[in-house]
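Shown here: upload.pdb, PDB, C-alpha atoms.
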MODEL        1
ATOM      1  CA  MET D  29      93.687 117.836  66.992
ATOM      2  CA  MET D  30      97.188 117.438  68.479
ATOM      3  CA  LYS D  31      96.876 120.775  70.293
ATOM      4  CA  THR D  32      93.587 119.603  71.846
ATOM      5  CA  ILE D  33      95.149 116.360  73.117
ATOM      6  CA  VAL D  34      98.165 118.212  74.551
ATOM      7  CA  LEU D  35      95.824 120.731  76.193
ATOM      8  CA  LEU D  36      93.706 117.942  77.743
ATOM      9  CA  ILE D  37      96.785 116.117  79.042
ATOM     10  CA  GLY D  38      98.109 119.393  80.481
ATOM     11  CA  LEU D  39      94.800 120.115  82.225
ATOM     12  CA  LEU D  40      94.601 116.595  83.663
ATOM     13  CA  THR D  41      98.171 116.803  84.942
ATOM     14  CA  ALA D  42      97.555 120.204  86.520
ATOM     15  CA  ASN D  43      94.336 118.930  88.107
ATOM     16  CA  PHE D  44      96.043 115.897  89.652
ATOM     17  CA  ALA D  45      98.996 117.972  90.847
ATOM     18  CA  SER D  46      96.744 120.493  92.564
ATOM     19  CA  ALA D  47      94.630 117.721  94.085
ATOM     20  CA  GLN D  48      97.550 116.474  96.158
ATOM     21  CA  PHE D  49      97.181 117.407  99.826
ATOM     22  CA  ASP D  50     100.091 117.250 102.228
ATOM     23  CA  VAL D  51      99.074 116.090 105.711
ATOM     24  CA  GLU D  52     101.588 118.468 107.284
ATOM     25  CA  GLU D  53      99.849 121.525 105.820
ATOM     26  CA  ARG D  54      96.555 121.089 107.608
ATOM     27  CA  GLY D  55      95.740 123.239 110.605
ATOM     28  CA  ASP D  56      94.591 122.236 114.072
ATOM     29  CA  ASP D  57      90.952 122.529 113.042
ATOM     30  CA  PHE D  58      91.329 120.110 110.135
ATOM     31  CA  ILE D  59      88.524 117.614 109.751
ATOM     32  CA  ALA D  60      89.603 114.349 108.120
ATOM     33  CA  GLU D  61      87.315 112.086 106.187
ATOM     34  CA  ASN D  62      87.905 108.415 106.755
ATOM     35  CA  ASN D  63      85.558 106.300 104.647
ATOM     36  CA  LYS D  64      82.105 107.117 106.049
ATOM     37  CA  ASN D  65      83.192 109.100 109.101
ATOM     38  CA  ILE D  66      84.513 112.598 109.641
ATOM     39  CA  LEU D  67      86.837 113.021 112.645
ATOM     40  CA  LYS D  68      87.950 116.192 114.404
ATOM     41  CA  ILE D  69      90.750 115.914 116.966
ATOM     42  CA  GLU D  70      91.716 118.513 119.580
ATOM     43  CA  ILE D  71      94.650 117.574 121.811
ATOM     44  CA  LYS D  72      94.725 119.895 124.788
ATOM     45  CA  GLU D  73      97.863 121.470 126.174
ATOM     46  CA  PRO D  74      99.620 121.309 128.468
ATOM     47  CA  LEU D  75     100.167 117.596 128.841
ATOM     48  CA  PHE D  76     100.004 116.886 132.555
ATOM     49  CA  GLN D  77     102.865 115.167 134.363
ATOM     50  CA  VAL D  78     102.210 113.036 137.440
ATOM     51  CA  ALA D  79     104.912 113.860 140.006
ATOM     52  CA  VAL D  80     106.933 111.094 141.652
ATOM     53  CA  LYS D  81     106.307 110.695 145.391
ATOM     54  CA  ASN D  82     109.067 111.436 147.905
ATOM     55  CA  CYS D  83     111.122 113.427 145.421
ATOM     56  CA  ASN D  84     112.708 116.715 146.456
ATOM     57  CA  ASP D  85     114.113 117.681 143.027
ATOM     58  CA  PHE D  86     111.698 116.473 140.296
ATOM     59  CA  ASN D  87     112.151 117.323 136.609
ATOM     60  CA  THR D  88     109.337 116.269 134.281
ATOM     61  CA  ALA D  89     109.749 114.024 131.265
ATOM     62  CA  ASP D  90     110.023 115.816 127.950
ATOM     63  CA  PHE D  91     109.699 114.743 124.336
ATOM     64  CA  GLU D  92     112.547 115.111 121.828
ATOM     65  CA  GLY D  93     111.512 118.274 119.983
ATOM     66  CA  GLY D  94     109.089 119.412 122.681
ATOM     67  CA  VAL D  95     105.521 118.699 123.694
ATOM     68  CA  SER D  96     104.046 120.516 120.684
ATOM     69  CA  ALA D  97     106.054 118.216 118.372
ATOM     70  CA  TYR D  98     104.631 115.177 120.186
ATOM     71  CA  LYS D  99     101.132 116.599 119.901
ATOM     72  CA  GLU D 100     101.491 117.031 116.128
ATOM     73  CA  ILE D 101     102.954 113.548 115.595
ATOM     74  CA  LEU D 102     100.203 112.020 117.729
ATOM     75  CA  LYS D 103      97.492 113.879 115.819
ATOM     76  CA  LYS D 104      98.920 112.793 112.435
ATOM     77  CA  ASN D 105      99.064 109.178 113.598
ATOM     78  CA  MET D 106      95.481 109.397 114.821
ATOM     79  CA  TYR D 107      94.254 110.585 111.409
ATOM     80  CA  VAL D 108      96.189 107.783 109.700
ATOM     81  CA  TYR D 109      95.713 104.789 112.010
ATOM     82  CA  LEU D 110      92.370 105.167 113.806
ATOM     83  CA  ASN D 111      89.827 102.780 112.315
ATOM     84  CA  THR D 112      86.684 104.807 112.880
ATOM     85  CA  ASP D 113      84.504 102.252 111.074
ATOM     86  CA  PHE D 114      84.241 100.361 114.389
ATOM     87  CA  TYR D 115      83.466 103.217 116.775
ATOM     88  CA  VAL D 116      82.122 106.741 116.954
ATOM     89  CA  LEU D 117      84.255 109.071 119.052
ATOM     90  CA  ASN D 118      82.574 111.965 120.779
ATOM     91  CA  GLY D 119      83.695 113.738 123.916
ATOM     92  CA  ASP D 120      86.697 114.045 126.169
ATOM     93  CA  PHE D 121      89.220 111.228 126.554
ATOM     94  CA  THR D 122      92.330 110.995 128.713
ATOM     95  CA  PHE D 123      95.316 108.788 127.972
ATOM     96  CA  THR D 124      97.974 108.032 130.557
ATOM     97  CA  LEU D 125     101.390 107.116 129.166
ATOM     98  CA  THR D 126     103.958 105.492 131.436
ATOM     99  CA  ILE D 127     107.494 106.594 130.511
ATOM    100  CA  ASP D 128     110.281 104.374 131.878
ATOM    101  CA  GLN D 129     113.799 105.379 132.980
ATOM    102  CA  THR D 130     115.098 105.041 129.396
ATOM    103  CA  GLY D 131     112.398 107.273 127.872
ATOM    104  CA  LYS D 132     110.320 104.503 126.300
ATOM    105  CA  VAL D 133     106.532 104.370 126.545
ATOM    106  CA  THR D 134     105.822 101.138 128.429
ATOM    107  CA  ASP D 135     102.087 101.422 129.091
ATOM    108  CA  ILE D 136      99.099 103.317 127.689
ATOM    109  CA  GLU D 137      95.722 103.492 129.440
ATOM    110  CA  GLY D 138      92.618 105.257 128.162
ATOM    111  CA  ALA D 139      89.504 106.580 129.896
ATOM    112  CA  PRO D 140      86.520 106.749 130.044
ATOM    113  CA  GLN D 141      85.149 103.392 128.989
ATOM    114  CA  VAL D 142      82.428 103.843 126.348
ATOM    115  CA  ASP D 143      80.822 101.633 123.680
ATOM    116  CA  ASN D 144      83.586  99.951 121.671
ATOM    117  CA  SER D 145      86.230 101.895 123.594
ATOM    118  CA  ARG D 146      88.425  98.788 123.906
ATOM    119  CA  ILE D 147      88.932  98.801 120.107
ATOM    120  CA  PHE D 148      89.645 102.543 120.155
ATOM    121  CA  PHE D 149      92.102 102.198 123.049
ATOM    122  CA  ASP D 150      93.878  99.321 121.266
ATOM    123  CA  ASP D 151      94.198 101.512 118.161
ATOM    124  CA  MET D 152      95.630 104.315 120.313
ATOM    125  CA  LYS D 153      98.191 101.947 121.866
ATOM    126  CA  TYR D 154      99.258 100.889 118.378
ATOM    127  CA  LEU D 155      99.634 104.418 117.043
ATOM    128  CA  VAL D 156     101.469 105.708 120.147
ATOM    129  CA  ARG D 157     103.973 102.849 119.792
ATOM    130  CA  ARG D 158     104.527 103.863 116.140
ATOM    131  CA  ILE D 159     106.080 107.136 117.312
ATOM    132  CA  ARG D 160     109.771 106.333 116.993
ATOM    133  CA  LYS D 161     111.250 109.205 118.986
ATOM    134  CA  ASN D 162     111.793 108.650 122.694
ATOM    135  CA  TRP D 163     110.906 110.785 125.638
ATOM    136  CA  ILE D 164     113.600 112.273 127.826
ATOM    137  CA  PRO D 165     112.826 110.536 131.140
ATOM    138  CA  ALA D 166     111.744 112.367 134.264
ATOM    139  CA  MET D 167     114.467 112.931 136.838
ATOM    140  CA  CYS D 168     114.256 112.623 140.610
ATOM    141  CA  ASN D 169     117.229 113.910 142.568
ATOM    142  CA  GLY D 170     119.360 113.663 139.411
ATOM    143  CA  LYS D 171     118.386 110.059 138.549
ATOM    144  CA  PRO D 172     116.016 108.954 135.743
ATOM    145  CA  VAL D 173     112.698 107.606 137.053
ATOM    146  CA  THR D 174     109.507 106.117 135.653
ATOM    147  CA  SER D 175     106.756 108.720 135.323
ATOM    148  CA  GLN D 176     103.328 109.217 133.829
ATOM    149  CA  ILE D 177     102.058 111.747 131.305
ATOM    150  CA  LYS D 178      98.332 112.510 130.981
ATOM    151  CA  ILE D 179      97.087 113.581 127.559
ATOM    152  CA  LYS D 180      93.606 115.080 127.360
ATOM    153  CA  MET D 181      91.792 115.329 124.052
ATOM    154  CA  ASN D 182      88.399 116.075 122.638
ATOM    155  CA  LEU D 183      87.135 114.019 119.694
ATOM    156  CA  LEU D 184      84.163 114.581 117.433
ATOM    157  CA  SER D 185      82.995 111.959 114.927
ATOM    158  CA  ILE D 186      80.273 112.554 112.407
ATOM    159  CA  ALA D 187      78.992 109.491 110.557
ATOM    160  CA  ALA D 188      77.985 110.213 106.991
ATOM    161  CA  ASP D 189      76.309 108.093 104.341
ATOM    162  CA  VAL D 190      78.467 107.920 101.266
TER     163      VAL D 190
ENDMDL
END

Show me the file's structure as structure tokens.
Amino acid sequence: MMKTIVLLIGLLTANFASAQFDVEERGDDFIAENNKNILKIEIKEPLFQVAVKNCNDFNTADFEGGVSAYKEILKKNMYVYLNTDFYVLNGDFTFTLTIDQTGKVTDIEGAPQVDNSRIFFDDMKYLVRRIRKNWIPAMCNGKPVTSQIKIKMNLLSIAADV
């Protein structure tokens, strides 16, 4: 009897341990389930930089750790913080981030406007502000300047009855 109980406890422990799933291990094609919705996120590279007018020597803004690091952090935050109970996301979206002279994101604008997009865009503003690392500001003629970064992504939501 004691061997059976120990065996059952061992099997349960092994089952729970193998059921753990680290968010960092998922690939780019990962589809996350969030309550009743399944969401697939594809953030396109490169991120586009809007050049500053009247600048002879312009260097683009960069993220600490590189653009691919920003893309991964953004994607993780999207899986965690997007509340897809209020909207269904399908299609291409573009977000414009304004990076000030100190490297902080000061404004985030999303397009296009679709049903319930205001809620989605508010969620995106929240999750972008949760990224604690700063950008390295763009430089114009050796001086830091405010610039804009355009992030294009494709989202696919599938609503499912649970």

Checklist entry - To one decimal place, how far is CA of Ala139 in chain D from CA of Tyr154 in chain D in Å? => result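 Spanning CA of Ala139 in chain D to CA of Tyr154 in chain D is a straight-line distance of 16.1 Å.
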
Checklist outcome for this item: Nearest to Thr124 in chain D, restricted to all atoms listed in the file and choosing among D:Phe149, D:Tyr98, D:Tyr109, D:Phe91, comes out as D:Phe149

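For the atom pair formed by CA of Leu155 in chain D and CA of Val173 in chain D, the distance is 24.1 Å, given to one decimal.
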
Item to check | Counting only C-alpha atoms, the option among D:Ile179, D:Val133, D:Leu67, D:Leu102 closest to Asn162 in chain D | outcome: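 Distance minimum relative to Asn162 in chain D lands on D:Val133.
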
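Here CA of Ile127 in chain D and CA of Ile159 in chain D stand 13.3 Å from one another.
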
Next on the checklist: For the provided coordinates, the residues matched by the PyMOL selection byres ((chain D and resi 77) around 8) should be stated as a PyMOL selection string.
Outcome noted: chain D and resi 75-76+78-79+88-89+175-178

Checklist entry - What do you get, as a ChimeraX atom specification, if you spell out every residue that the PyMOL selection byres ((chain D and resi 94) around 12) selects here? => result /D:73-75,89-93,95-101,161-164

Checklist entry - Could you name the residues that touch Pro172 in chain D at 8 Å or less, counting all atoms listed in the file, but leaving out those on the same chain fewer than 5 positions away, as a ChimeraX atom specification? => result /D:129-130,165-167

Item to check | Evaluate the PyMOL selection byres ((chain D and resi 181) around 7) and report residues as a list in words | outcome: Glu70, Ile71, Lys72, Asp120, Phe121, Thr122, Ile179, Lys180, Asn182 and Leu183 of chain D

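The closest residue to Asp113 in chain D, picked from D:Asn144, D:Arg157, D:Asn82, D:Lys68 and counting all atoms listed in the file, is D:Asn144.
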
Checklist entry - Taking all atoms listed in the file into account, which of D:Gly138, D:Phe148, D:Asp85, D:Gly131 comes nearest Val116 in chain D? => result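 Nearest to Val116 in chain D: D:Phe148.
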
Item to check | Close residues, Ile147 in chain D itself excluded, 10 Å, only C-alpha atoms, min 5 positions apart in chain, as a PyMOL selection string | outcome: chain D and resi 110-112+114-115+152-153

Hey, can I get the axis-aligned box for range 170-182 of chain D? All listed atoms, 8 Å padding on each side, centre and edge lengths in Å to one decimal, as AutoDock Vina command-line options.
--center_x 103.9 --center_y 111.1 --center_z 131.0 --size_x 47.0 --size_y 26.0 --size_z 32.8
